[in-house]
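To be precise, the following lines are work-v9.txt, and they hold compact mmCIF, C-alpha atoms and all ligand atoms.
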```txt
# COMPACT_ATOMS: atom_id res chain seq x y z
CA MET J 1 1.38 -6.04 27.26
CA SER J 2 4.60 -7.86 26.40
CA VAL J 3 5.41 -5.41 23.59
CA MET J 4 6.44 -2.86 26.18
CA LYS J 5 9.57 -4.94 26.79
CA ASP J 6 12.68 -3.03 25.77
CA THR J 7 14.18 -5.65 23.53
CA ASP J 8 13.71 -9.27 22.66
CA LEU J 9 10.53 -8.82 20.65
CA ARG J 10 9.24 -11.60 18.46
CA VAL J 11 7.53 -10.13 15.38
CA LEU J 12 5.41 -11.81 12.70
CA THR J 13 4.77 -10.04 9.37
CA VAL J 14 1.69 -11.22 7.49
CA ASP J 15 2.26 -10.68 3.76
CA GLY J 16 3.28 -12.63 0.66
CA GLY J 17 4.52 -9.79 -1.54
CA ALA J 18 7.52 -7.53 -2.01
CA ARG J 19 5.99 -5.15 0.53
CA GLY J 20 6.18 -7.94 3.12
CA HIS J 21 9.75 -8.79 2.18
CA GLY J 22 10.64 -5.10 2.61
CA LEU J 23 8.93 -4.94 5.99
CA HIS J 24 10.57 -8.17 7.15
CA CYS J 25 14.05 -6.87 6.18
CA SER J 26 13.55 -3.62 8.14
CA ILE J 27 12.02 -5.42 11.13
CA ARG J 28 14.90 -7.96 11.29
CA LYS J 29 17.37 -5.08 11.58
CA SER J 30 15.60 -3.53 14.58
CA PRO J 31 17.59 -3.69 17.83
CA ARG J 32 14.23 -4.25 19.57
CA VAL J 33 13.60 -7.49 17.69
CA SER J 34 15.14 -10.81 18.63
CA ARG J 35 13.23 -12.95 16.14
CA ALA J 36 11.29 -12.06 12.98
CA PHE J 37 8.96 -14.29 10.99
CA CYS J 38 6.92 -13.79 7.82
CA THR J 39 3.86 -15.67 6.55
CA PRO J 40 3.16 -16.74 3.82
CA GLY J 41 6.27 -14.88 2.59
CA ASN J 42 8.02 -15.88 -0.62
CA GLY J 43 11.41 -17.02 -1.93
CA GLY J 44 13.07 -13.89 -0.50
CA ILE J 45 12.31 -14.76 3.11
CA PRO J 46 15.01 -16.99 4.67
CA ASP J 47 13.59 -20.49 5.26
CA PRO J 48 13.86 -20.40 9.10
CA ASP J 49 11.80 -17.17 9.16
CA ARG J 50 9.10 -18.33 6.79
CA ARG J 51 5.75 -19.92 7.64
CA SER J 52 3.08 -21.05 5.19
CA VAL J 53 -0.21 -19.75 6.67
CA LYS J 54 -2.08 -17.65 4.09
CA ASP J 55 -2.83 -13.99 4.85
CA THR J 56 -6.58 -14.61 4.53
CA ASP J 57 -6.59 -17.48 7.08
CA ILE J 58 -7.25 -15.42 10.21
CA ASP J 59 -7.78 -18.42 12.53
CA GLY J 60 -4.53 -19.88 11.21
CA ILE J 61 -2.62 -16.64 11.80
CA VAL J 62 -3.92 -16.27 15.35
CA ARG J 63 -2.84 -19.88 16.08
CA LEU J 64 0.55 -19.31 14.43
CA ALA J 65 1.16 -16.13 16.44
CA GLN J 66 0.32 -18.02 19.63
CA ASP J 67 2.53 -21.01 18.70
CA LEU J 68 5.48 -18.74 17.87
CA GLN J 69 4.92 -16.66 21.03
CA ILE J 70 4.73 -13.50 18.95
CA ASP J 71 4.71 -10.09 20.67
CA LEU J 72 3.76 -8.01 17.63
CA VAL J 73 2.00 -8.94 14.38
CA VAL J 74 2.47 -6.58 11.42
CA VAL J 75 -0.35 -6.96 8.91
CA GLY J 76 0.37 -6.15 5.23
CA PRO J 77 -2.76 -6.63 3.10
CA GLU J 78 -6.19 -5.04 3.45
CA ALA J 79 -8.46 -8.10 3.41
CA PRO J 80 -7.49 -9.46 6.86
CA LEU J 81 -7.53 -5.93 8.34
CA VAL J 82 -11.03 -5.23 7.08
CA ALA J 83 -12.08 -8.70 8.31
CA GLY J 84 -10.86 -7.82 11.83
CA ILE J 85 -7.55 -9.64 12.26
CA VAL J 86 -6.30 -6.92 14.64
CA ASN J 87 -9.39 -7.35 16.86
CA ARG J 88 -8.90 -11.12 16.87
CA LEU J 89 -5.23 -10.91 17.83
CA ARG J 90 -5.91 -8.37 20.56
CA ALA J 91 -8.63 -10.61 21.98
CA VAL J 92 -5.96 -13.23 22.70
CA GLY J 93 -3.52 -10.64 24.09
CA ILE J 94 -1.28 -10.24 21.04
CA ALA J 95 -0.46 -6.71 19.87
CA ALA J 96 -0.98 -6.03 16.17
CA PHE J 97 0.15 -3.14 14.01
CA GLY J 98 -2.84 -1.99 11.96
CA PRO J 99 -6.36 -0.65 12.42
CA THR J 100 -9.22 -2.57 13.99
CA ALA J 101 -12.06 -3.53 11.62
CA ASP J 102 -14.15 -0.46 12.46
CA ALA J 103 -11.23 1.84 11.54
CA ALA J 104 -10.13 -0.21 8.50
CA VAL J 105 -13.52 0.74 7.03
CA LEU J 106 -11.65 3.75 5.59
CA GLU J 107 -10.39 1.26 2.98
CA GLY J 108 -13.19 -1.31 3.26
CA SER J 109 -15.98 1.05 2.21
CA LYS J 110 -15.37 3.82 -0.29
CA ILE J 111 -18.90 5.11 0.40
CA PHE J 112 -18.14 5.39 4.12
CA THR J 113 -14.98 7.35 3.33
CA LYS J 114 -16.63 9.78 0.91
CA ALA J 115 -19.48 10.48 3.34
CA PHE J 116 -16.87 10.90 6.11
CA CYS J 117 -14.93 13.40 3.93
CA ARG J 118 -18.12 15.37 3.32
CA ARG J 119 -18.90 15.53 7.06
CA HIS J 120 -15.37 16.56 7.98
CA LYS J 121 -14.77 18.91 5.02
CA ILE J 122 -11.83 16.89 3.72
CA PRO J 123 -11.10 17.89 0.10
CA THR J 124 -12.10 15.14 -2.32
CA ALA J 125 -13.82 14.75 -5.71
CA ALA J 126 -17.56 15.54 -5.88
CA PHE J 127 -19.56 12.29 -5.80
CA ARG J 128 -22.91 10.56 -5.60
CA ILE J 129 -23.81 7.35 -3.82
CA ILE J 130 -25.71 4.92 -6.04
CA ARG J 131 -27.70 1.82 -5.07
CA ASN J 132 -29.18 0.58 -8.37
CA PHE J 133 -28.57 0.73 -12.10
CA GLU J 134 -31.46 3.07 -13.03
CA GLN J 135 -30.20 5.55 -10.46
CA ALA J 136 -26.66 5.21 -11.89
CA GLU J 137 -27.77 5.90 -15.45
CA THR J 138 -29.71 9.01 -14.46
CA ALA J 139 -26.98 10.32 -12.16
CA ILE J 140 -24.18 9.83 -14.70
CA LYS J 141 -26.21 11.67 -17.36
CA GLU J 142 -27.13 14.50 -14.98
CA SER J 143 -23.72 14.99 -13.35
CA GLY J 144 -21.32 14.08 -16.14
CA PHE J 145 -19.23 12.19 -13.54
CA LEU J 146 -17.17 9.50 -15.31
CA VAL J 147 -15.35 7.76 -12.45
CA VAL J 148 -17.20 4.65 -11.24
CA LYS J 149 -16.18 2.79 -8.08
CA ALA J 150 -17.38 -0.29 -6.27
CA ASP J 151 -17.94 0.38 -2.57
CA GLY J 152 -16.09 -2.65 -1.19
CA LEU J 153 -12.76 -4.42 -1.63
CA CYS J 154 -12.08 -5.64 -5.17
CA ALA J 155 -8.33 -6.38 -5.07
CA GLY J 156 -7.59 -3.09 -6.84
CA LYS J 157 -10.01 -3.79 -9.71
CA GLY J 158 -13.07 -1.88 -8.56
CA VAL J 159 -12.38 1.53 -10.14
CA THR J 160 -13.13 2.62 -13.73
CA VAL J 161 -12.05 6.03 -14.97
CA ALA J 162 -14.26 6.14 -18.07
CA LYS J 163 -13.66 8.45 -21.04
CA THR J 164 -17.29 8.70 -22.11
CA GLU J 165 -20.74 8.70 -20.56
CA ALA J 166 -21.47 5.37 -22.26
CA GLY J 167 -18.28 3.89 -20.75
CA ALA J 168 -19.27 5.02 -17.26
CA ILE J 169 -22.77 3.57 -17.66
CA GLU J 170 -21.25 0.27 -18.83
CA ALA J 171 -18.98 0.18 -15.78
CA ALA J 172 -21.98 0.82 -13.51
CA ARG J 173 -23.92 -1.95 -15.26
CA ALA J 174 -21.03 -4.41 -14.81
CA LEU J 175 -21.09 -3.74 -11.05
CA LEU J 176 -24.82 -3.34 -10.36
CA VAL J 177 -26.40 -5.69 -12.92
CA ASP J 178 -23.72 -8.22 -13.87
CA ASN J 179 -22.34 -8.28 -10.28
CA ILE J 180 -18.75 -8.75 -11.51
CA HIS J 181 -17.44 -8.04 -8.00
CA GLY J 182 -20.37 -9.59 -6.13
CA PRO J 183 -21.56 -7.78 -2.99
CA ALA J 184 -18.50 -5.44 -3.03
CA GLY J 185 -20.13 -3.76 -6.06
CA SER J 186 -23.78 -3.80 -5.02
CA SER J 187 -23.49 -0.13 -3.99
CA ILE J 188 -21.26 2.18 -5.99
CA LEU J 189 -19.93 5.72 -6.21
CA ILE J 190 -19.80 7.96 -9.23
CA GLU J 191 -17.26 10.75 -8.99
CA GLU J 192 -16.03 13.80 -10.78
CA CYS J 193 -12.74 13.09 -12.59
CA LEU J 194 -9.82 14.94 -11.01
CA THR J 195 -6.72 15.89 -12.95
CA GLY J 196 -3.18 16.44 -11.76
CA ARG J 197 -0.24 14.33 -10.59
CA GLU J 198 -0.88 11.67 -7.98
CA CYS J 199 1.12 10.99 -4.86
CA SER J 200 1.03 8.37 -2.12
CA ILE J 201 1.30 9.62 1.45
CA MET J 202 1.85 6.98 4.12
CA ALA J 203 1.63 7.87 7.81
CA PHE J 204 2.12 6.05 11.09
CA CYS J 205 -0.98 6.92 13.16
CA ASP J 206 -1.62 6.55 16.90
CA GLY J 207 -5.27 7.55 16.99
CA HIS J 208 -4.43 11.24 17.49
CA ASN J 209 -1.15 11.97 15.71
CA ALA J 210 0.52 11.13 12.43
CA VAL J 211 4.17 10.71 11.45
CA LEU J 212 4.48 10.99 7.68
CA LEU J 213 6.84 8.84 5.61
CA PRO J 214 8.53 10.31 2.52
CA PRO J 215 5.97 10.92 -0.27
CA ALA J 216 6.08 8.43 -3.14
CA ARG J 217 4.63 8.01 -6.63
CA ASP J 218 3.68 4.64 -8.07
CA PHE J 219 3.21 3.60 -11.69
CA LYS J 220 0.07 1.51 -12.10
CA ARG J 221 -0.08 0.87 -15.83
CA ALA J 222 1.66 -2.15 -17.34
CA GLU J 223 3.35 -0.39 -20.27
CA GLU J 224 5.81 2.43 -20.79
CA GLY J 225 4.32 5.90 -21.07
CA ASP J 226 1.48 4.94 -18.69
CA ARG J 227 -0.31 2.83 -21.27
CA GLY J 228 -1.81 -0.65 -21.04
CA PRO J 229 -3.89 -2.24 -18.30
CA ASN J 230 -3.85 -1.34 -14.60
CA THR J 231 -1.59 -3.49 -12.43
CA GLY J 232 -0.70 -3.80 -8.76
CA GLY J 233 2.17 -1.41 -9.47
CA MET J 234 5.09 -1.55 -11.93
CA GLY J 235 7.42 0.85 -10.17
CA CYS J 236 7.75 3.77 -7.80
CA TYR J 237 10.02 6.58 -6.70
CA ALA J 238 10.48 8.62 -3.55
CA PRO J 239 10.71 11.23 -2.17
CA LEU J 240 8.86 13.53 -4.58
CA PRO J 241 10.56 16.71 -5.78
CA ASP J 242 7.11 18.24 -6.44
CA VAL J 243 5.87 17.59 -2.88
CA ASP J 244 7.92 19.88 -0.69
CA ASP J 245 7.62 20.25 3.09
CA ALA J 246 4.99 23.00 2.80
CA LEU J 247 2.76 20.85 0.58
CA LEU J 248 3.31 17.86 2.85
CA ALA J 249 2.25 19.97 5.85
CA ARG J 250 -0.86 21.05 3.94
CA ILE J 251 -1.77 17.42 3.16
CA LYS J 252 -1.31 16.58 6.83
CA ASP J 253 -3.39 19.55 8.04
CA GLU J 254 -6.21 19.37 5.48
CA ILE J 255 -6.54 15.62 4.97
CA ILE J 256 -4.75 13.35 7.48
CA MET J 257 -5.40 15.22 10.75
CA PRO J 258 -9.14 15.89 10.19
CA THR J 259 -9.43 12.17 9.39
CA LEU J 260 -7.77 11.16 12.65
CA ARG J 261 -9.95 13.62 14.59
CA GLY J 262 -13.13 12.40 12.91
CA MET J 263 -12.29 8.74 13.53
CA ALA J 264 -11.40 9.40 17.19
CA GLU J 265 -14.62 11.41 17.72
CA ALA J 266 -16.62 8.51 16.30
CA GLY J 267 -15.04 6.18 18.87
CA THR J 268 -13.03 4.36 16.22
CA PRO J 269 -9.53 5.87 16.53
CA TYR J 270 -7.21 4.97 13.70
CA HIS J 271 -4.06 3.09 14.73
CA GLY J 272 -1.53 1.69 12.26
CA LEU J 273 -0.48 2.84 8.83
CA LEU J 274 -2.79 5.14 6.88
CA TYR J 275 -2.13 5.46 3.15
CA ALA J 276 -3.68 8.45 1.40
CA GLY J 277 -3.84 8.42 -2.40
CA ILE J 278 -3.77 12.13 -3.24
CA MET J 279 -4.37 14.05 -6.46
CA LEU J 280 -2.40 17.29 -6.65
CA THR J 281 -5.01 19.44 -8.40
CA LYS J 282 -4.87 23.13 -9.29
CA GLN J 283 -7.20 23.74 -6.34
CA GLY J 284 -4.82 21.93 -3.98
CA PRO J 285 -4.35 18.35 -2.73
CA MET J 286 -7.47 16.18 -2.80
CA LEU J 287 -8.04 12.71 -1.37
CA ILE J 288 -8.66 10.01 -3.99
CA GLU J 289 -8.79 7.08 -1.61
CA TYR J 290 -7.56 5.73 1.70
CA ASN J 291 -5.85 2.41 2.24
CA ALA J 292 -5.62 0.98 5.75
CA ARG J 293 -2.14 -0.44 5.18
CA PHE J 294 1.29 0.07 3.64
CA GLY J 295 1.32 0.56 -0.15
CA ASP J 296 2.97 -1.78 -2.60
CA PRO J 297 5.42 -0.86 -4.25
CA GLU J 298 5.64 2.32 -2.11
CA THR J 299 6.78 0.42 1.00
CA GLN J 300 9.78 -1.34 -0.54
CA THR J 301 10.73 2.00 -2.14
CA VAL J 302 10.43 4.17 0.97
CA LEU J 303 11.73 1.85 3.74
CA PRO J 304 15.35 1.86 2.48
CA LEU J 305 15.30 5.68 2.88
CA ILE J 306 14.46 5.52 6.59
CA GLU J 307 17.33 5.70 9.07
CA SER J 308 15.13 5.37 12.19
CA ASP J 309 14.01 2.01 13.55
CA ILE J 310 10.49 1.56 12.09
CA VAL J 311 9.60 -0.93 14.84
CA GLU J 312 9.74 1.98 17.33
CA TYR J 313 7.11 3.80 15.27
CA MET J 314 5.00 0.66 14.86
CA LEU J 315 5.03 0.23 18.64
CA GLY J 316 4.29 3.96 18.98
CA THR J 317 1.03 3.52 17.06
CA LEU J 318 -0.33 0.94 19.49
CA GLU J 319 -1.39 3.30 22.25
CA LEU J 320 -3.24 6.62 21.96
CA SER J 321 -0.68 9.42 21.39
CA GLY J 322 2.16 6.88 21.60
CA LEU J 323 3.97 8.57 18.71
CA THR J 324 4.44 11.83 20.63
CA LYS J 325 7.17 10.15 22.70
CA LEU J 326 9.30 9.54 19.61
CA PRO J 327 11.74 11.87 17.82
CA PRO J 328 10.98 12.94 14.23
CA LEU J 329 11.58 10.19 11.68
CA LYS J 330 15.23 10.30 10.56
CA LEU J 331 15.80 9.90 6.82
CA LYS J 332 18.88 9.09 4.77
CA PRO J 333 19.94 11.87 2.36
CA LEU J 334 19.08 9.63 -0.60
CA VAL J 335 16.36 9.02 -3.17
CA ALA J 336 14.97 5.64 -4.29
CA VAL J 337 13.69 4.21 -7.56
CA CYS J 338 11.89 0.87 -7.68
CA THR J 339 11.51 -1.12 -10.90
CA VAL J 340 9.12 -4.07 -10.78
CA LEU J 341 10.10 -7.16 -12.78
CA ALA J 342 7.01 -9.01 -13.98
CA SER J 343 6.05 -12.10 -15.99
CA ASN J 344 4.96 -11.49 -19.60
CA GLY J 345 1.18 -11.39 -19.76
CA TYR J 346 0.72 -9.88 -16.28
CA PRO J 347 -1.82 -8.55 -15.17
CA GLY J 348 -3.56 -11.13 -17.39
CA LYS J 349 -2.45 -14.75 -17.84
CA TYR J 350 1.22 -15.62 -17.47
CA GLU J 351 3.44 -18.66 -17.02
CA THR J 352 5.48 -19.46 -13.91
CA GLY J 353 8.16 -21.92 -12.80
CA PHE J 354 11.11 -20.29 -14.59
CA PRO J 355 14.52 -20.31 -12.86
CA ILE J 356 15.73 -16.89 -11.66
CA THR J 357 19.41 -15.94 -11.78
CA GLY J 358 21.46 -12.75 -11.51
CA ILE J 359 20.08 -11.42 -8.22
CA GLU J 360 23.20 -9.65 -7.08
CA GLU J 361 22.67 -6.90 -4.56
CA THR J 362 24.98 -4.03 -3.68
CA SER J 363 24.83 -1.57 -0.78
CA SER J 364 22.80 0.76 -3.02
CA MET J 365 20.65 -1.76 -4.91
CA LYS J 366 18.28 -4.26 -3.29
CA PHE J 367 15.85 -6.88 -4.52
CA PHE J 368 12.55 -7.50 -2.78
CA HIS J 369 10.78 -10.69 -3.78
CA ALA J 370 7.09 -11.12 -4.64
CA GLY J 371 6.22 -14.02 -6.99
CA THR J 372 9.23 -16.22 -6.23
CA VAL J 373 9.56 -19.59 -4.54
CA ARG J 374 12.50 -21.84 -3.65
CA SER J 375 11.96 -25.36 -4.94
CA PRO J 376 14.87 -25.67 -3.99
CA ALA J 377 16.34 -23.33 -6.64
CA LEU J 378 14.65 -19.94 -6.97
CA VAL J 379 11.85 -19.92 -9.61
CA THR J 380 9.07 -17.54 -10.62
CA SER J 381 5.65 -18.14 -9.05
CA GLY J 382 3.65 -14.98 -9.76
CA GLY J 383 2.87 -12.03 -12.03
CA ARG J 384 5.00 -9.52 -10.20
CA VAL J 385 8.24 -11.35 -9.48
CA LEU J 386 10.77 -8.92 -8.00
CA SER J 387 11.11 -5.26 -7.01
CA CYS J 388 14.55 -3.86 -7.74
CA VAL J 389 15.23 -0.73 -5.66
CA GLY J 390 18.16 1.54 -6.51
CA LEU J 391 19.33 4.21 -4.09
CA GLY J 392 21.42 7.27 -4.89
CA GLU J 393 22.15 10.92 -4.25
CA ASN J 394 19.87 11.87 -7.13
CA PHE J 395 17.27 10.28 -9.40
CA SER J 396 19.56 9.71 -12.35
CA ILE J 397 21.93 7.62 -10.18
CA ALA J 398 19.12 5.76 -8.35
CA ARG J 399 17.34 5.06 -11.61
CA GLU J 400 20.47 3.76 -13.27
CA ARG J 401 21.09 1.40 -10.32
CA SER J 402 17.50 0.15 -10.30
CA GLN J 403 17.57 -0.52 -14.03
CA ARG J 404 20.97 -2.18 -13.97
CA GLY J 405 19.60 -4.65 -11.39
CA ALA J 406 16.40 -5.14 -13.38
CA ASP J 407 18.45 -5.87 -16.47
CA PHE J 408 20.86 -8.23 -14.74
CA ALA J 409 18.26 -10.38 -12.97
CA THR J 410 17.20 -13.02 -15.47
CA PHE J 411 14.18 -15.26 -15.92
CA SER J 412 12.19 -16.36 -18.97
CA ASN J 413 9.35 -14.01 -20.00
CA LYS J 414 10.67 -11.12 -17.86
CA PHE J 415 9.40 -7.62 -18.56
CA TYR J 416 9.72 -4.29 -16.81
CA ARG J 417 9.09 -0.62 -17.46
CA SER J 418 12.26 1.33 -18.16
CA ASP J 419 10.57 4.74 -17.73
CA ILE J 420 10.05 4.67 -13.94
CA ALA J 421 11.04 8.08 -12.50
CA ALA J 422 12.11 9.28 -15.96
CA ASN J 423 10.38 12.60 -15.21
CA ALA J 424 11.23 12.80 -11.49
P1 LIG W 501 -7.29 1.95 -7.18
O1 LIG W 501 -5.93 2.17 -6.53
O2 LIG W 501 -7.44 0.67 -7.89
O3 LIG W 501 -8.45 2.33 -6.31
O4 LIG W 501 -7.27 2.94 -8.42
C1 LIG W 501 -7.68 4.14 -8.25
C2 LIG W 501 -7.02 4.93 -9.32
O5 LIG W 501 -8.05 5.47 -10.15
C3 LIG W 501 -6.32 6.14 -8.71
O6 LIG W 501 -4.99 5.88 -8.43
C4 LIG W 501 -6.50 7.18 -9.78
O7 LIG W 501 -5.50 7.05 -10.76
C5 LIG W 501 -7.81 6.83 -10.41
N1 LIG W 501 -8.91 7.62 -9.81
C6 LIG W 501 -9.69 7.26 -8.78
N2 LIG W 501 -10.59 8.24 -8.50
C7 LIG W 501 -10.36 9.23 -9.38
C8 LIG W 501 -10.96 10.51 -9.60
N3 LIG W 501 -11.99 10.96 -8.89
N4 LIG W 501 -10.45 11.26 -10.60
C9 LIG W 501 -9.42 10.82 -11.36
N5 LIG W 501 -8.81 9.62 -11.20
C10 LIG W 501 -9.28 8.83 -10.22
N1 LIG W 502 0.31 1.28 -4.69
C1 LIG W 502 -1.07 1.27 -4.46
C2 LIG W 502 -1.51 0.42 -3.36
O1 LIG W 502 -0.74 -0.12 -2.60
O2 LIG W 502 -2.72 0.26 -3.23
```
Show me, as structure tokens, the structure contained in the file I just sent.
Ligand code: AMP
Ligand code: GLY
Amino acid sequence: MSVMKDTDLRVLTVDGGARGHGLHCSIRKSPRVSRAFCTPGNGGIPDPDRRSVKDTDIDGIVRLAQDLQIDLVVVGPEAPLVAGIVNRLRAVGIAAFGPTADAAVLEGSKIFTKAFCRRHKIPTAAFRIIRNFEQAETAIKESGFLVVKADGLCAGKGVTVAKTEAGAIEAARALLVDNIHGPAGSSILIEECLTGRECSIMAFCDGHNAVLLPPARDFKRAEEGDRGPNTGGMGCYAPLPDVDDALLARIKDEIIMPTLRGMAEAGTPYHGLLYAGIMLTKQGPMLIEYNARFGDPETQTVLPLIESDIVEYMLGTLELSGLTKLPPLKLKPLVAVCTVLASNGYPGKYETGFPITGIEETSSMKFFHAGTVRSPALVTSGGRVLSCVGLGENFSIARERSQRGADFATFSNKFYRSDIAANA
């Protein structure tokens, strides 16, 4: 395939968020890449690189990749992966970074993944699979499990960690009786509630092997002190002082590798980026969930720490055992803190269209755009507007740089959490 060419690659990133802006920036810098595009992108993507096809429009993306004579498509979000965008691109001879639909099921069906973990003895919370409300009520009362999850994709809104039995039963009713997430919630899981600190482990995978990126921790709640509603992520830091090389090796051995072996044995080898949400419990690391893609805001936090050319590793994932030909990932001796700037009201209702000023980057502080658009001046267009990533030799320096940028960038109704990485 044309991606085996040494240089001169034409790459299309499919993503509209800050994750996509981060990927596009790293891909543009690759000596292997002659031309990089991003669709639908945002105000951070230079106009000549940006196209307007939505990430859910698979026919449109296949056509765009053909029109632009793309060699490699890098897919950001889960919905097109689960819907089979990688299969569709391959069918027309275009290489794509990401799993095929039958491997993306690790994110597409939480029930599949829990049953898979049970078969392959991968540590995860105890669970039951539930198909109707009566069964849910009985099982919650019997087991005392208070975590309720829709099976399918719900744009990050399908999980309830209830505090009481009544709360868990209500969450099950909302999914199974009120159908708040439609067919994605017509089968559900109830799970034991795990306690500990969470971490996000992202790995390039070639069907047999995994190359782990630096571990990261994201902050999902809207307000300081981890209060308020769940969001798509309000900040992040990496690498994690509490996840040393020994713990990372354990996560790889006990969780990632058995997953790759199980998927390969089933005839659905996993290629692309595998994201494991892990709970560090007293009994050891346990899998909370898999995502079949890069995390957001983990990606824009971790990529600036990577010295190696990530395109080499993306290409390495395309063929079975392709990563074994590559040297270990080279990292910069730095840490990163990402502060997300959002519009007041997010994750609920918010206003947009406000001019943005004060985006002034330095060599150790970068902005990655999400909800921004040029019309022609830069204005807000979404709930999460910008990710401001500070780099430094330690967390106090990186945090100070991230917050200085977050403070300096200005738009009406801006808010951000000032406690990201405060306890790093
Ligand atoms: P999401 O990323 O929307 O799937 O949210 C899942 C979040 O719910 C995780 O990041 C955890 O914070 C929490 N969670 C999921 N499963 C469990 C569990 N079994 N025990 C404790 N917290 C959980
Ligand atoms: N940061 C969580 C996610 O990307 O799903």
query: When distances are computed from only C-alpha atoms, which of J:Gly98, J:Pro328, J:Gly185, J:Gly20 shows the smallest separation from J:Leu212?
result: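 The answer is J:Pro328, which sits nearest to J:Leu212.
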Closest atom pairs, residues of chain J within 8 Å of ligand LIG 502 (chain W), all atoms listed in the file, as JSON lines:
```
{"residue": "J:Gly156", "atom": "CA", "partner": "W:LIG502", "partner_atom": "O2", "distance": 6.9}
{"residue": "J:Ser200", "atom": "CA", "partner": "W:LIG502", "partner_atom": "N1", "distance": 7.6}
{"residue": "J:Asp218", "atom": "CA", "partner": "W:LIG502", "partner_atom": "N1", "distance": 5.8}
{"residue": "J:Phe219", "atom": "CA", "partner": "W:LIG502", "partner_atom": "N1", "distance": 7.9}
{"residue": "J:Lys220", "atom": "CA", "partner": "W:LIG502", "partner_atom": "N1", "distance": 7.4}
{"residue": "J:Gly232", "atom": "CA", "partner": "W:LIG502", "partner_atom": "N1", "distance": 6.6}
{"residue": "J:Gly233", "atom": "CA", "partner": "W:LIG502", "partner_atom": "N1", "distance": 5.8}
{"residue": "J:Gly277", "atom": "CA", "partner": "W:LIG502", "partner_atom": "C1", "distance": 7.9}
{"residue": "J:Asn291", "atom": "CA", "partner": "W:LIG502", "partner_atom": "O2", "distance": 6.7}
{"residue": "J:Arg293", "atom": "CA", "partner": "W:LIG502", "partner_atom": "O1", "distance": 7.9}
{"residue": "J:Phe294", "atom": "CA", "partner": "W:LIG502", "partner_atom": "O1", "distance": 6.6}
{"residue": "J:Gly295", "atom": "CA", "partner": "W:LIG502", "partner_atom": "O1", "distance": 3.3}
{"residue": "J:Asp296", "atom": "CA", "partner": "W:LIG502", "partner_atom": "O1", "distance": 4.1}
{"residue": "J:Pro297", "atom": "CA", "partner": "W:LIG502", "partner_atom": "N1", "distance": 5.6}
{"residue": "J:Glu298", "atom": "CA", "partner": "W:LIG502", "partner_atom": "N1", "distance": 6.0}
```
task: Write out as a ChimeraX atom specification each polymer residue whose atoms come within 12 Å of J:Val159, counting only C-alpha atoms; drop sequence neighbours fewer than 5 positions from it.
output: /J:110,146-154,168,171-172,174-175,181,184-185,188-191,193,230,288-289
message: I'd like the contact shell of stretch 74-81 of chain J - 9 Å cut-off, all atoms listed in the file, skipping same-chain residues fewer than 2 positions apart - returned as a ChimeraX atom specification.
response: /J:11-17,19-20,23,55-58,72,83-87,95-101,104,107-108,153,155,291-295,314
Next, dump the selected residues to file, keeping only C-alpha atoms, as an mmCIF file, in the coordinates of the input.
```cif
data_model
loop_
_atom_site.group_PDB
_atom_site.id
_atom_site.type_symbol
_atom_site.label_atom_id
_atom_site.label_comp_id
_atom_site.auth_asym_id
_atom_site.auth_seq_id
_atom_site.Cartn_x
_atom_site.Cartn_y
_atom_site.Cartn_z
ATOM 1 C CA VAL J 11 7.530 -10.130 15.380
ATOM 2 C CA LEU J 12 5.410 -11.810 12.700
ATOM 3 C CA THR J 13 4.770 -10.040 9.370
ATOM 4 C CA VAL J 14 1.690 -11.220 7.490
ATOM 5 C CA ASP J 15 2.260 -10.680 3.760
ATOM 6 C CA GLY J 16 3.280 -12.630 0.660
ATOM 7 C CA GLY J 17 4.520 -9.790 -1.540
ATOM 8 C CA ARG J 19 5.990 -5.150 0.530
ATOM 9 C CA GLY J 20 6.180 -7.940 3.120
ATOM 10 C CA LEU J 23 8.930 -4.940 5.990
ATOM 11 C CA ASP J 55 -2.830 -13.990 4.850
ATOM 12 C CA THR J 56 -6.580 -14.610 4.530
ATOM 13 C CA ASP J 57 -6.590 -17.480 7.080
ATOM 14 C CA ILE J 58 -7.250 -15.420 10.210
ATOM 15 C CA LEU J 72 3.760 -8.010 17.630
ATOM 16 C CA ALA J 83 -12.080 -8.700 8.310
ATOM 17 C CA GLY J 84 -10.860 -7.820 11.830
ATOM 18 C CA ILE J 85 -7.550 -9.640 12.260
ATOM 19 C CA VAL J 86 -6.300 -6.920 14.640
ATOM 20 C CA ASN J 87 -9.390 -7.350 16.860
ATOM 21 C CA ALA J 95 -0.460 -6.710 19.870
ATOM 22 C CA ALA J 96 -0.980 -6.030 16.170
ATOM 23 C CA PHE J 97 0.150 -3.140 14.010
ATOM 24 C CA GLY J 98 -2.840 -1.990 11.960
ATOM 25 C CA PRO J 99 -6.360 -0.650 12.420
ATOM 26 C CA THR J 100 -9.220 -2.570 13.990
ATOM 27 C CA ALA J 101 -12.060 -3.530 11.620
ATOM 28 C CA ALA J 104 -10.130 -0.210 8.500
ATOM 29 C CA GLU J 107 -10.390 1.260 2.980
ATOM 30 C CA GLY J 108 -13.190 -1.310 3.260
ATOM 31 C CA LEU J 153 -12.760 -4.420 -1.630
ATOM 32 C CA ALA J 155 -8.330 -6.380 -5.070
ATOM 33 C CA ASN J 291 -5.850 2.410 2.240
ATOM 34 C CA ALA J 292 -5.620 0.980 5.750
ATOM 35 C CA ARG J 293 -2.140 -0.440 5.180
ATOM 36 C CA PHE J 294 1.290 0.070 3.640
ATOM 37 C CA GLY J 295 1.320 0.560 -0.150
ATOM 38 C CA MET J 314 5.000 0.660 14.860
#
```
